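Chemist: Here it is, the structure in full.
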Amino acid sequence: MTTRRGFLLALGSIAAGDALAQLPPNIAALRQAALDEGVRKVTGGAQVRPGKVKLDIPPLIDNGNTVPLTVTVESPMTEADHVKAIHVFTEKNPQPFVIGAHLGPRAGRAKLATRARIADTGKVIAIAEMSDGSFWSDTVSVVVTLSACLEDGLI
Amino acid sequence: MAARVVVNVPATAKRGEVIEIRTLAGHEMETGFRRTDRGVLIPRDIITRFVCTYNGVEVFSADLHPAMAANPLISFTTIATESGTLEFKWTGDNGYSATQSAAINVT
């Protein structure tokens, strides 16, 4: 016969098993690893220094499905000294890479505007690759109230 | 489905002027992470690449990823060097391809 204690213990283990089955273990670490991997792919392991880049994004986002953002980089944009690429990442997305834009001295100004999907409250990172091979970045923390990926009827 | 794309390029510009170009492609940008109400995963379907050429020379390109919003908007700048045409090309999953061109008169 099942005792009350045994039944409760069994119930507890079922609940814990369900939770484990649904949530990949250590999701924060997985996301950080995915972000690091994405950044490493574009930089090739080079050091990324903060500065020169300005990422404009609203700090409070109502709807994560369409988030306008603008990246500007301080650069004379000459043949000798220009921005080669601008990359944008988000910390909490299942795939952190948003866009990788390739430009050159003919751009005149290093400026890129686009719209991203942002899954959750966290950091957004813009990285600029200069013609001399250095990398510069800007990081902004944003708060998302309605997450991307959770749309009407498609949860 | 016919591709719907819009580009915004100034019709005239002074030589050497930095002009801003805005482009928009009508596309769902399905991430491949969403499920239907029956739990079936919706396959990924996104635009992966955008290229802009100015009189045949590539001046801007971008690699797009699922974290781009639906109807991807890309805005960038270029120097008005000479009169001619700007060609825009989007390509993506499932053979998606769209092109658009705009004429510019440089004085």
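Going by the structure tokens order, chains are called A, B, ..., each with residues numbered from 1, while ligands are numbered from 1 in the order shown.
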Give the residues of chain A that lie within 8 Å of chain B; count only C-alpha atoms, and format the answer as a PyMOL selection string.
Modeler: chain A and resi 65-67+93+95-104+106-118+149+153-155
Chemist: If you run DSSP over the backbone, which residues in chain B end up strand (DSSP E or B)? Put them as a PyMOL selection string.
Modeler: chain B and resi 4-8+12-13+18-26+30+35+41+45+47-54+57-64+68+73-79+84-92+97-106
Chemist: Which residue is closest to Lys41 (chain A)? Choose from A:Thr72, A:His87, A:Asp120, A:Leu146 and count only C-alpha atoms.
Modeler: A:His87
Chemist: Report as a list in words all protein, DNA and RNA residues lying within 9 Å of region 34-38 of chain A, evaluated on only C-alpha atoms, omitting residues in the same chain fewer than 2 positions from it.
Modeler: Ala29, Leu30, Arg31, Gln32, Arg40, Lys41, Val42, Thr43, Phe89, Thr90, Glu91, Lys92, Asn93, Pro94, Gln95, Pro96 and Phe97 of chain A
Chemist: Could the residues in this selection be saved with N, CA and C atoms as a PDB file, in the first residue's frame?
Modeler:
```
ATOM      1  N   ALA A  29      24.447  29.784 -18.656  1.00  0.00           N
ATOM      2  CA  ALA A  29      25.798  29.453 -19.112  1.00  0.00           C
ATOM      3  C   ALA A  29      25.790  29.150 -20.609  1.00  0.00           C
ATOM      4  N   LEU A  30      24.721  28.451 -21.069  1.00  0.00           N
ATOM      5  CA  LEU A  30      24.614  28.121 -22.489  1.00  0.00           C
ATOM      6  C   LEU A  30      24.527  29.395 -23.330  1.00  0.00           C
ATOM      7  N   ARG A  31      23.719  30.359 -22.843  1.00  0.00           N
ATOM      8  CA  ARG A  31      23.558  31.609 -23.576  1.00  0.00           C
ATOM      9  C   ARG A  31      24.868  32.373 -23.634  1.00  0.00           C
ATOM     10  N   GLN A  32      25.567  32.417 -22.498  1.00  0.00           N
ATOM     11  CA  GLN A  32      26.840  33.123 -22.448  1.00  0.00           C
ATOM     12  C   GLN A  32      27.834  32.471 -23.407  1.00  0.00           C
ATOM     13  N   ARG A  40      33.532  35.533 -30.822  1.00  0.00           N
ATOM     14  CA  ARG A  40      34.835  34.987 -31.214  1.00  0.00           C
ATOM     15  C   ARG A  40      34.889  34.766 -32.734  1.00  0.00           C
ATOM     16  N   LYS A  41      33.749  34.386 -33.313  1.00  0.00           N
ATOM     17  CA  LYS A  41      33.701  34.148 -34.754  1.00  0.00           C
ATOM     18  C   LYS A  41      34.039  35.408 -35.535  1.00  0.00           C
ATOM     19  N   VAL A  42      33.541  36.567 -35.077  1.00  0.00           N
ATOM     20  CA  VAL A  42      33.806  37.791 -35.841  1.00  0.00           C
ATOM     21  C   VAL A  42      35.161  38.407 -35.496  1.00  0.00           C
ATOM     22  N   THR A  43      35.626  38.214 -34.256  1.00  0.00           N
ATOM     23  CA  THR A  43      36.877  38.865 -33.882  1.00  0.00           C
ATOM     24  C   THR A  43      38.080  37.951 -34.087  1.00  0.00           C
ATOM     25  N   PHE A  89      25.049  42.068 -31.446  1.00  0.00           N
ATOM     26  CA  PHE A  89      24.670  40.852 -30.736  1.00  0.00           C
ATOM     27  C   PHE A  89      23.685  41.182 -29.623  1.00  0.00           C
ATOM     28  N   THR A  90      22.839  40.197 -29.282  1.00  0.00           N
ATOM     29  CA  THR A  90      22.016  40.326 -28.083  1.00  0.00           C
ATOM     30  C   THR A  90      22.347  39.159 -27.161  1.00  0.00           C
ATOM     31  N   GLU A  91      22.326  39.439 -25.870  1.00  0.00           N
ATOM     32  CA  GLU A  91      22.787  38.450 -24.898  1.00  0.00           C
ATOM     33  C   GLU A  91      21.819  37.279 -24.749  1.00  0.00           C
ATOM     34  N   LYS A  92      20.521  37.556 -24.713  1.00  0.00           N
ATOM     35  CA  LYS A  92      19.560  36.544 -24.284  1.00  0.00           C
ATOM     36  C   LYS A  92      18.853  35.791 -25.412  1.00  0.00           C
ATOM     37  N   ASN A  93      19.151  36.099 -26.662  1.00  0.00           N
ATOM     38  CA  ASN A  93      18.476  35.376 -27.748  1.00  0.00           C
ATOM     39  C   ASN A  93      19.031  33.952 -27.872  1.00  0.00           C
ATOM     40  N   PRO A  94      18.205  33.005 -28.401  1.00  0.00           N
ATOM     41  CA  PRO A  94      18.727  31.657 -28.640  1.00  0.00           C
ATOM     42  C   PRO A  94      19.910  31.694 -29.610  1.00  0.00           C
ATOM     43  N   GLN A  95      19.846  32.603 -30.593  1.00  0.00           N
ATOM     44  CA  GLN A  95      20.998  32.835 -31.463  1.00  0.00           C
ATOM     45  C   GLN A  95      21.351  34.308 -31.345  1.00  0.00           C
ATOM     46  N   PRO A  96      22.511  34.622 -30.762  1.00  0.00           N
ATOM     47  CA  PRO A  96      22.781  36.009 -30.372  1.00  0.00           C
ATOM     48  C   PRO A  96      23.079  36.960 -31.520  1.00  0.00           C
ATOM     49  N   PHE A  97      23.495  36.445 -32.679  1.00  0.00           N
ATOM     50  CA  PHE A  97      23.896  37.324 -33.776  1.00  0.00           C
ATOM     51  C   PHE A  97      22.677  37.998 -34.403  1.00  0.00           C
TER      52      PHE A  97
END
```
